[in-house]
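Chemist: I am sharing my_file05.csv, which consists of CSV, N, CA and C atoms:
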```csv
chain,number,residue,atom,x,y,z
S,16,MET,N,-6.8,-85.4,-61.2
S,16,MET,CA,-5.9,-84.4,-60.5
S,16,MET,C,-6.7,-83.6,-59.5
S,17,THR,N,-6.1,-83.3,-58.3
S,17,THR,CA,-6.8,-82.6,-57.3
S,17,THR,C,-6.5,-81.1,-57.5
S,18,ASP,N,-7.4,-80.3,-56.9
S,18,ASP,CA,-7.2,-78.8,-57.0
S,18,ASP,C,-6.1,-78.4,-56.0
S,19,ASP,N,-5.8,-79.1,-55.0
S,19,ASP,CA,-4.9,-78.8,-54.0
S,19,ASP,C,-3.5,-79.4,-54.4
S,20,PRO,N,-2.5,-78.6,-54.6
S,20,PRO,CA,-1.2,-79.2,-55.0
S,20,PRO,C,-0.7,-80.0,-53.8
S,21,PRO,N,0.1,-81.1,-54.1
S,21,PRO,CA,0.6,-81.9,-53.1
S,21,PRO,C,1.4,-81.1,-52.0
S,22,LYS,N,1.3,-81.6,-50.8
S,22,LYS,CA,1.9,-81.0,-49.7
S,22,LYS,C,3.4,-80.8,-49.9
S,23,ALA,N,4.1,-81.8,-50.5
S,23,ALA,CA,5.5,-81.8,-50.8
S,23,ALA,C,5.9,-80.6,-51.7
S,24,ASN,N,5.0,-80.3,-52.7
S,24,ASN,CA,5.3,-79.2,-53.6
S,24,ASN,C,5.2,-77.9,-52.8
S,25,ARG,N,4.2,-77.7,-51.9
S,25,ARG,CA,4.0,-76.5,-51.2
S,25,ARG,C,5.2,-76.3,-50.2
S,26,GLU,N,5.7,-77.4,-49.6
S,26,GLU,CA,6.9,-77.3,-48.7
S,26,GLU,C,8.1,-76.9,-49.5
S,27,LEU,N,8.4,-77.5,-50.7
S,27,LEU,CA,9.5,-77.2,-51.5
S,27,LEU,C,9.5,-75.7,-51.9
S,28,ILE,N,8.3,-75.3,-52.3
S,28,ILE,CA,8.2,-73.9,-52.8
S,28,ILE,C,8.5,-72.9,-51.6
S,29,ALA,N,7.9,-73.3,-50.4
S,29,ALA,CA,8.1,-72.4,-49.2
S,29,ALA,C,9.6,-72.4,-48.9
S,30,ARG,N,10.3,-73.5,-49.0
S,30,ARG,CA,11.8,-73.5,-48.7
S,30,ARG,C,12.5,-72.6,-49.6
S,31,LEU,N,12.2,-72.8,-50.9
S,31,LEU,CA,12.9,-71.9,-51.9
S,31,LEU,C,12.6,-70.5,-51.7
S,32,ARG,N,11.4,-70.1,-51.4
S,32,ARG,CA,11.1,-68.7,-51.2
S,32,ARG,C,11.8,-68.2,-49.9
S,33,ALA,N,12.1,-69.1,-49.0
S,33,ALA,CA,12.9,-68.7,-47.8
S,33,ALA,C,14.4,-68.6,-48.0
S,34,GLY,N,14.8,-68.9,-49.3
S,34,GLY,CA,16.2,-68.8,-49.6
S,34,GLY,C,17.0,-70.1,-49.4
S,35,ARG,N,16.4,-71.2,-49.2
S,35,ARG,CA,17.1,-72.5,-49.0
S,35,ARG,C,17.2,-73.3,-50.3
S,36,VAL,N,18.3,-74.0,-50.4
S,36,VAL,CA,18.5,-74.9,-51.5
S,36,VAL,C,17.8,-76.2,-51.3
S,37,VAL,N,17.1,-76.7,-52.3
S,37,VAL,CA,16.4,-78.0,-52.2
S,37,VAL,C,16.8,-79.0,-53.2
S,38,GLN,N,16.6,-80.2,-52.9
S,38,GLN,CA,16.9,-81.3,-53.8
S,38,GLN,C,15.6,-82.1,-54.0
S,39,LEU,N,15.3,-82.5,-55.3
S,39,LEU,CA,14.1,-83.2,-55.6
S,39,LEU,C,14.3,-84.2,-56.7
S,40,ARG,N,13.4,-85.1,-56.8
S,40,ARG,CA,13.4,-86.1,-57.9
S,40,ARG,C,12.4,-85.6,-59.0
S,41,ALA,N,12.9,-85.5,-60.3
S,41,ALA,CA,12.1,-85.1,-61.4
S,41,ALA,C,11.1,-86.1,-61.7
S,42,VAL,N,9.9,-85.6,-62.1
S,42,VAL,CA,8.8,-86.4,-62.5
S,42,VAL,C,8.2,-85.9,-63.8
S,43,GLY,N,8.1,-86.7,-64.8
S,43,GLY,CA,7.5,-86.2,-66.0
S,43,GLY,C,8.6,-86.3,-67.2
S,44,GLY,N,8.1,-85.9,-68.3
S,44,GLY,CA,9.0,-86.0,-69.5
S,44,GLY,C,9.1,-84.7,-70.3
S,45,SER,N,8.6,-83.6,-69.8
S,45,SER,CA,8.6,-82.4,-70.6
S,45,SER,C,10.1,-81.9,-70.9
S,46,MET,N,11.0,-82.3,-70.1
S,46,MET,CA,12.4,-81.9,-70.4
S,46,MET,C,13.3,-83.0,-71.0
S,47,TRP,N,12.7,-84.1,-71.4
S,47,TRP,CA,13.4,-85.2,-72.0
S,47,TRP,C,14.0,-84.8,-73.3
S,48,PRO,N,15.2,-85.1,-73.6
S,48,PRO,CA,16.1,-86.0,-73.0
S,48,PRO,C,17.1,-85.3,-72.0
S,49,THR,N,17.0,-84.0,-71.8
S,49,THR,CA,17.9,-83.3,-70.9
S,49,THR,C,17.8,-83.8,-69.5
S,50,ILE,N,16.5,-83.8,-69.0
S,50,ILE,CA,16.2,-84.3,-67.7
S,50,ILE,C,15.2,-85.4,-67.9
S,51,ARG,N,15.6,-86.6,-67.4
S,51,ARG,CA,14.8,-87.7,-67.6
S,51,ARG,C,14.0,-88.0,-66.3
S,52,ASP,N,12.9,-88.7,-66.4
S,52,ASP,CA,12.1,-89.0,-65.2
S,52,ASP,C,12.9,-89.8,-64.2
S,53,GLY,N,12.9,-89.3,-63.0
S,53,GLY,CA,13.7,-89.9,-61.9
S,53,GLY,C,15.0,-89.2,-61.6
S,54,ALA,N,15.4,-88.3,-62.4
S,54,ALA,CA,16.7,-87.5,-62.2
S,54,ALA,C,16.6,-86.8,-60.9
S,55,ILE,N,17.7,-86.6,-60.2
S,55,ILE,CA,17.8,-85.8,-59.0
S,55,ILE,C,18.3,-84.4,-59.4
S,56,LEU,N,17.5,-83.4,-59.0
S,56,LEU,CA,17.8,-82.0,-59.3
S,56,LEU,C,18.1,-81.2,-58.0
S,57,MET,N,19.0,-80.3,-58.2
S,57,MET,CA,19.3,-79.3,-57.1
S,57,MET,C,18.8,-78.0,-57.5
S,58,ILE,N,18.0,-77.3,-56.7
S,58,ILE,CA,17.5,-76.0,-57.1
S,58,ILE,C,18.0,-75.0,-56.0
S,59,ALA,N,18.7,-74.0,-56.5
S,59,ALA,CA,19.3,-73.0,-55.7
S,59,ALA,C,18.6,-71.6,-56.0
S,60,PRO,N,18.1,-71.0,-54.9
S,60,PRO,CA,17.4,-69.7,-55.1
S,60,PRO,C,18.5,-68.7,-55.7
S,61,CYS,N,18.1,-67.8,-56.5
S,61,CYS,CA,18.9,-66.7,-57.0
S,61,CYS,C,18.1,-65.5,-57.4
S,62,ALA,N,18.8,-64.4,-57.6
S,62,ALA,CA,18.1,-63.2,-58.1
S,62,ALA,C,17.7,-63.4,-59.5
S,63,VAL,N,16.6,-62.9,-59.9
S,63,VAL,CA,16.1,-63.0,-61.3
S,63,VAL,C,17.1,-62.3,-62.2
S,64,ALA,N,17.8,-61.3,-61.8
S,64,ALA,CA,18.7,-60.6,-62.6
S,64,ALA,C,19.9,-61.4,-63.1
S,65,LYS,N,20.2,-62.5,-62.4
S,65,LYS,CA,21.3,-63.4,-62.7
S,65,LYS,C,20.9,-64.5,-63.7
S,66,ILE,N,19.6,-64.6,-64.0
S,66,ILE,CA,19.1,-65.7,-64.9
S,66,ILE,C,19.4,-65.3,-66.3
S,67,ARG,N,19.8,-66.3,-67.1
S,67,ARG,CA,20.2,-66.1,-68.5
S,67,ARG,C,19.4,-67.1,-69.4
S,68,VAL,N,19.2,-66.7,-70.6
S,68,VAL,CA,18.6,-67.6,-71.6
S,68,VAL,C,19.4,-68.9,-71.7
S,69,GLY,N,18.7,-70.0,-71.7
S,69,GLY,CA,19.3,-71.3,-71.8
S,69,GLY,C,19.4,-72.0,-70.5
S,70,GLN,N,19.3,-71.3,-69.4
S,70,GLN,CA,19.4,-72.0,-68.1
S,70,GLN,C,18.1,-72.7,-67.7
S,71,LEU,N,18.3,-73.7,-66.8
S,71,LEU,CA,17.1,-74.4,-66.3
S,71,LEU,C,16.7,-73.6,-65.0
S,72,VAL,N,15.4,-73.3,-65.0
S,72,VAL,CA,14.8,-72.5,-63.9
S,72,VAL,C,13.6,-73.2,-63.4
S,73,ALA,N,13.5,-73.1,-62.0
S,73,ALA,CA,12.3,-73.7,-61.4
S,73,ALA,C,11.3,-72.5,-61.1
S,74,TYR,N,10.0,-72.7,-61.2
S,74,TYR,CA,9.1,-71.7,-60.9
S,74,TYR,C,7.8,-72.4,-60.3
S,75,ALA,N,7.0,-71.6,-59.6
S,75,ALA,CA,5.8,-72.0,-59.1
S,75,ALA,C,4.7,-71.7,-60.1
S,76,SER,N,4.0,-72.7,-60.5
S,76,SER,CA,2.9,-72.4,-61.5
S,76,SER,C,1.7,-71.9,-60.8
S,77,ASP,N,0.7,-71.4,-61.6
S,77,ASP,CA,-0.5,-70.8,-61.0
S,77,ASP,C,-1.3,-71.8,-60.1
S,78,ASP,N,-1.2,-73.1,-60.5
S,78,ASP,CA,-1.9,-74.1,-59.7
S,78,ASP,C,-1.1,-74.7,-58.6
S,79,GLY,N,0.1,-74.1,-58.3
S,79,GLY,CA,0.9,-74.5,-57.1
S,79,GLY,C,1.9,-75.6,-57.3
S,80,ARG,N,2.1,-76.0,-58.6
S,80,ARG,CA,3.1,-77.0,-58.9
S,80,ARG,C,4.5,-76.4,-59.1
S,81,LEU,N,5.5,-77.1,-58.8
S,81,LEU,CA,6.9,-76.7,-59.0
S,81,LEU,C,7.3,-77.3,-60.3
S,82,ILE,N,7.7,-76.4,-61.2
S,82,ILE,CA,8.1,-76.8,-62.6
S,82,ILE,C,9.5,-76.3,-62.9
S,83,VAL,N,10.2,-77.2,-63.6
S,83,VAL,CA,11.6,-76.9,-64.1
S,83,VAL,C,11.6,-76.9,-65.6
S,84,HIS,N,11.8,-75.8,-66.2
S,84,HIS,CA,11.9,-75.7,-67.7
S,84,HIS,C,13.1,-74.8,-68.0
S,85,ARG,N,13.4,-74.7,-69.3
S,85,ARG,CA,14.5,-73.9,-69.8
S,85,ARG,C,14.0,-72.5,-70.2
S,86,VAL,N,14.9,-71.5,-69.9
S,86,VAL,CA,14.6,-70.1,-70.2
S,86,VAL,C,14.8,-69.9,-71.7
S,87,VAL,N,13.7,-69.4,-72.4
S,87,VAL,CA,13.9,-69.1,-73.9
S,87,VAL,C,13.9,-67.6,-74.2
S,88,ALA,N,13.4,-66.8,-73.2
S,88,ALA,CA,13.4,-65.3,-73.4
S,88,ALA,C,13.2,-64.6,-72.1
S,89,LEU,N,13.8,-63.5,-72.0
S,89,LEU,CA,13.6,-62.6,-70.8
S,89,LEU,C,12.9,-61.4,-71.2
S,90,GLY,N,12.0,-61.0,-70.4
S,90,GLY,CA,11.2,-59.7,-70.6
S,90,GLY,C,11.2,-58.8,-69.4
S,91,ALA,N,10.5,-57.8,-69.5
S,91,ALA,CA,10.4,-56.8,-68.4
S,91,ALA,C,9.4,-57.4,-67.4
S,92,GLY,N,9.9,-58.0,-66.3
S,92,GLY,CA,9.0,-58.5,-65.3
S,92,GLY,C,8.5,-59.9,-65.5
S,93,THR,N,8.9,-60.5,-66.7
S,93,THR,CA,8.5,-61.9,-66.9
S,93,THR,C,9.6,-62.7,-67.6
S,94,ILE,N,9.5,-64.0,-67.5
S,94,ILE,CA,10.4,-64.9,-68.2
S,94,ILE,C,9.6,-65.9,-69.0
S,95,LEU,N,10.1,-66.2,-70.2
S,95,LEU,CA,9.4,-67.2,-71.0
S,95,LEU,C,10.2,-68.5,-71.0
S,96,LEU,N,9.5,-69.6,-70.6
S,96,LEU,CA,10.1,-70.9,-70.4
S,96,LEU,C,9.5,-71.9,-71.3
S,97,ARG,N,10.2,-73.0,-71.6
S,97,ARG,CA,9.6,-74.1,-72.3
S,97,ARG,C,10.4,-75.4,-72.0
S,98,GLY,N,9.6,-76.4,-71.9
S,98,GLY,CA,10.3,-77.7,-71.7
S,98,GLY,C,11.0,-78.2,-73.0
S,99,ASP,N,12.1,-78.8,-72.9
S,99,ASP,CA,12.9,-79.2,-74.1
S,99,ASP,C,12.1,-80.1,-75.0
S,100,GLY,N,11.2,-80.9,-74.5
S,100,GLY,CA,10.4,-81.8,-75.3
S,100,GLY,C,9.0,-81.3,-75.6
S,101,LEU,N,8.8,-80.0,-75.4
S,101,LEU,CA,7.5,-79.5,-75.7
S,101,LEU,C,7.5,-78.6,-76.9
S,102,ALA,N,6.4,-78.5,-77.6
S,102,ALA,CA,6.3,-77.7,-78.8
S,102,ALA,C,6.1,-76.2,-78.5
S,103,LYS,N,5.4,-75.9,-77.5
S,103,LYS,CA,5.0,-74.5,-77.2
S,103,LYS,C,5.6,-74.1,-75.8
S,104,PRO,N,5.9,-72.8,-75.7
S,104,PRO,CA,6.4,-72.3,-74.4
S,104,PRO,C,5.3,-72.3,-73.4
S,105,ASP,N,5.7,-72.2,-72.1
S,105,ASP,CA,4.7,-72.0,-71.0
S,105,ASP,C,4.2,-70.6,-71.1
S,106,PRO,N,3.1,-70.3,-70.4
S,106,PRO,CA,2.6,-68.9,-70.3
S,106,PRO,C,3.7,-68.1,-69.7
S,107,PRO,N,3.8,-66.8,-69.9
S,107,PRO,CA,4.9,-66.0,-69.3
S,107,PRO,C,4.8,-66.1,-67.8
S,108,VAL,N,6.0,-66.3,-67.2
S,108,VAL,CA,6.1,-66.4,-65.7
S,108,VAL,C,6.6,-65.1,-65.1
S,109,ALA,N,5.9,-64.6,-64.1
S,109,ALA,CA,6.2,-63.4,-63.4
S,109,ALA,C,7.5,-63.6,-62.7
S,110,ASP,N,8.3,-62.6,-62.6
S,110,ASP,CA,9.6,-62.7,-61.8
S,110,ASP,C,9.4,-63.2,-60.4
S,111,ALA,N,8.3,-62.8,-59.8
S,111,ALA,CA,8.0,-63.2,-58.4
S,111,ALA,C,7.7,-64.7,-58.3
S,112,ASP,N,7.4,-65.4,-59.4
S,112,ASP,CA,7.1,-66.8,-59.3
S,112,ASP,C,8.4,-67.7,-59.6
S,113,VAL,N,9.4,-67.0,-60.0
S,113,VAL,CA,10.7,-67.7,-60.3
S,113,VAL,C,11.3,-68.1,-58.9
S,114,LEU,N,11.7,-69.4,-58.8
S,114,LEU,CA,12.2,-69.8,-57.5
S,114,LEU,C,13.7,-70.0,-57.5
S,115,GLY,N,14.3,-70.3,-58.6
S,115,GLY,CA,15.8,-70.5,-58.6
S,115,GLY,C,16.3,-71.3,-59.8
S,116,ILE,N,17.6,-71.5,-59.9
S,116,ILE,CA,18.2,-72.1,-61.0
S,116,ILE,C,18.4,-73.6,-60.6
S,117,ALA,N,18.1,-74.5,-61.6
S,117,ALA,CA,18.1,-75.9,-61.4
S,117,ALA,C,19.4,-76.5,-62.0
S,118,THR,N,20.0,-77.5,-61.4
S,118,THR,CA,21.1,-78.2,-61.9
S,118,THR,C,20.8,-79.7,-61.7
S,119,ILE,N,21.3,-80.5,-62.7
S,119,ILE,CA,21.1,-82.0,-62.6
S,119,ILE,C,22.2,-82.5,-61.7
S,120,GLU,N,21.8,-83.2,-60.6
S,120,GLU,CA,22.8,-83.8,-59.7
S,120,GLU,C,23.1,-85.2,-60.1
S,121,TRP,N,22.1,-85.9,-60.5
S,121,TRP,CA,22.2,-87.3,-60.9
S,121,TRP,C,21.1,-87.7,-61.8
S,122,GLN,N,21.3,-88.6,-62.8
S,122,GLN,CA,20.3,-89.3,-63.5
S,122,GLN,C,20.8,-90.5,-64.2
S,123,ARG,N,19.9,-91.5,-64.4
S,123,ARG,CA,20.4,-92.7,-65.1
S,123,ARG,C,21.0,-92.4,-66.4
S,124,PRO,N,22.0,-93.1,-66.8
S,124,PRO,CA,22.6,-92.9,-68.1
S,124,PRO,C,21.6,-93.1,-69.2
S,125,LEU,N,21.7,-92.4,-70.3
S,125,LEU,CA,20.8,-92.6,-71.4
S,125,LEU,C,21.3,-93.8,-72.1
S,126,THR,N,20.5,-94.8,-72.2
S,126,THR,CA,20.9,-96.1,-72.9
S,126,THR,C,20.1,-96.2,-74.2
S,127,PHE,N,20.7,-97.0,-75.1
S,127,PHE,CA,20.0,-97.2,-76.3
S,127,PHE,C,18.9,-98.2,-76.2
S,128,ARG,N,17.7,-97.7,-76.5
S,128,ARG,CA,16.5,-98.5,-76.5
S,128,ARG,C,15.5,-97.8,-77.3
S,129,LEU,N,14.5,-98.4,-77.7
S,129,LEU,CA,13.4,-97.7,-78.4
S,129,LEU,C,12.7,-96.9,-77.4
S,130,PRO,N,12.4,-95.6,-77.8
S,130,PRO,CA,11.7,-94.7,-76.8
S,130,PRO,C,10.3,-95.2,-76.6
S,131,ARG,N,9.8,-94.9,-75.4
S,131,ARG,CA,8.4,-95.2,-75.1
S,131,ARG,C,7.6,-94.1,-75.9
S,132,ARG,N,6.3,-94.3,-76.1
S,132,ARG,CA,5.5,-93.5,-76.9
S,132,ARG,C,5.6,-92.0,-76.5
S,133,GLU,N,5.5,-91.8,-75.2
S,133,GLU,CA,5.6,-90.4,-74.7
S,133,GLU,C,7.0,-89.8,-75.0
S,134,GLU,N,8.1,-90.5,-74.8
S,134,GLU,CA,9.4,-90.1,-75.1
S,134,GLU,C,9.6,-89.8,-76.6
S,135,ALA,N,9.0,-90.7,-77.4
S,135,ALA,CA,9.1,-90.5,-78.9
S,135,ALA,C,8.5,-89.2,-79.3
S,136,ARG,N,7.3,-88.9,-78.7
S,136,ARG,CA,6.6,-87.6,-79.0
S,136,ARG,C,7.5,-86.4,-78.7
S,137,TYR,N,8.1,-86.4,-77.5
S,137,TYR,CA,8.9,-85.3,-77.1
S,137,TYR,C,10.2,-85.2,-78.0
S,138,LEU,N,10.8,-86.4,-78.3
S,138,LEU,CA,12.0,-86.4,-79.1
S,138,LEU,C,11.7,-85.8,-80.5
S,139,LEU,N,10.6,-86.3,-81.1
S,139,LEU,CA,10.2,-85.8,-82.5
S,139,LEU,C,9.9,-84.3,-82.5
S,140,ARG,N,9.3,-83.8,-81.4
S,140,ARG,CA,9.0,-82.3,-81.3
S,140,ARG,C,10.3,-81.6,-81.2
S,141,ALA,N,11.3,-82.1,-80.4
S,141,ALA,CA,12.5,-81.4,-80.2
S,141,ALA,C,13.3,-81.4,-81.5
S,142,VAL,N,13.3,-82.5,-82.3
S,142,VAL,CA,14.1,-82.6,-83.5
S,142,VAL,C,13.4,-81.6,-84.5
S,143,TRP,N,12.1,-81.6,-84.6
S,143,TRP,CA,11.4,-80.8,-85.6
S,143,TRP,C,11.7,-79.3,-85.3
S,144,ARG,N,11.7,-78.9,-84.0
S,144,ARG,CA,12.0,-77.5,-83.6
S,144,ARG,C,13.4,-77.1,-84.0
S,145,ARG,N,14.4,-78.1,-83.9
S,145,ARG,CA,15.7,-77.8,-84.3
S,145,ARG,C,15.8,-77.6,-85.8
S,146,LEU,N,15.1,-78.5,-86.5
S,146,LEU,CA,15.2,-78.4,-88.0
S,146,LEU,C,14.5,-77.2,-88.6
S,147,THR,N,13.4,-76.7,-87.9
S,147,THR,CA,12.7,-75.6,-88.5
S,147,THR,C,13.1,-74.3,-87.9
S,148,LYS,N,14.0,-74.3,-86.9
S,148,LYS,CA,14.5,-73.1,-86.2
S,148,LYS,C,15.2,-72.2,-87.2
S,149,GLY,N,16.0,-72.8,-88.1
S,149,GLY,CA,16.8,-72.1,-89.1
S,149,GLY,C,17.3,-70.9,-88.9
```
Taking this structure as input, can you express it in the form of structure tokens?
Modeler:
Amino acid sequence: MTDDPPKANRELIARLRAGRVVQLRAVGGSMWPTIRDGAILMIAPCAVAKIRVGQLVAYASDDGRLIVHRVVALGAGTILLRGDGLAKPDPPVADADVLGIATIEWQRPLTFRLPRREEARYLLRAVWRRLTKG
């Protein structure tokens, strides 16, 4: 991995900070099964005050990546997010790094097949979290 985030990420972040709606293709499995690799997402800038627990939010990470995860808690000046398939939340995100609310525009239908190793790990973590949340 390079220290310089991809140019596309920098451009998307700049557009969102300018108040423009962007569309992008999801890469990765941290939000599986809610958002699957290859899904098309729409991100619309919004005021942090309008964000609620449970929503999908895009933010700029410290290393310049654009990340979409679910809001798990709201704090004074920070938001706590976590990928649906991850065991631990992300480090607290400053309100200034929040770029907007994400919605799923399109993704392949979920079909029955044995999950790949990565997907199985995310699925087991999500099930374990639900069972122990109590």
Chemist: Within 12 Å of Pro21 in chain S, counting only C-alpha atoms, which residues show up once you throw out same-chain ones fewer than 6 positions away? Write them as number ranges by chain, please.
Modeler: S: 27-28, 78-81
Chemist: Considering all atoms listed in the file, return as an MDAnalysis selection string whatever protein or nucleic-acid residues lie within 7 Å of Pro48 in chain S, sequence-local ones (same chain, fewer than 5 positions apart) excluded.
Modeler: chainID S and resid 99:100 137:138
Chemist: Suppose you want the space between CA of Trp47 in chain S and atom C of Ala135 in chain S; what is it in Å?
Modeler: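 Atom-to-atom, CA of Trp47 in chain S and atom C of Ala135 in chain S are spaced 9.7 Å apart.
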Chemist: Could you tell me which of S:Asp77, S:Pro124, S:Ala29, S:Ala54 comes closest to Ala41 in chain S if we count only N, CA and C atoms?
Modeler: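 Of S:Asp77, S:Pro124, S:Ala29, S:Ala54, the one nearest Ala41 in chain S, counting only N, CA and C atoms, is S:Ala54.
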Chemist: Take CA of Pro106 in chain S and atom C of Ile82 in chain S and report the distance between them in Å, one decimal.
Modeler: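 Between CA of Pro106 in chain S and atom C of Ile82 in chain S the gap works out to 12.5 Å.
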Chemist: Between S:Gln70, S:Ser45, S:Ser76, S:Thr118, which has the minimum distance to Leu101 in chain S (counting only N, CA and C atoms)?
Modeler: S:Ser45
Chemist: Using all atoms listed in the file, can you tell me which of S:Val86, S:Pro130, S:Ala59, S:Arg97 comes closest to Leu31 in chain S?
Modeler: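 Answer, going by the shortest atom-to-atom distance: S:Ala59.
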Chemist: Show me, as a ChimeraX atom specification, the residues that have an atom within 6 Å of His84 in chain S when counting only C-alpha atoms, minus same-chain residues fewer than 6 positions from it.
Modeler: /S:71-72,96-98
Chemist: For Arg144 in chain S, which residue out of S:Val68, S:Val63, S:Ala102, S:Val37 is the nearest one, using all atoms listed in the file?
Modeler: S:Ala102
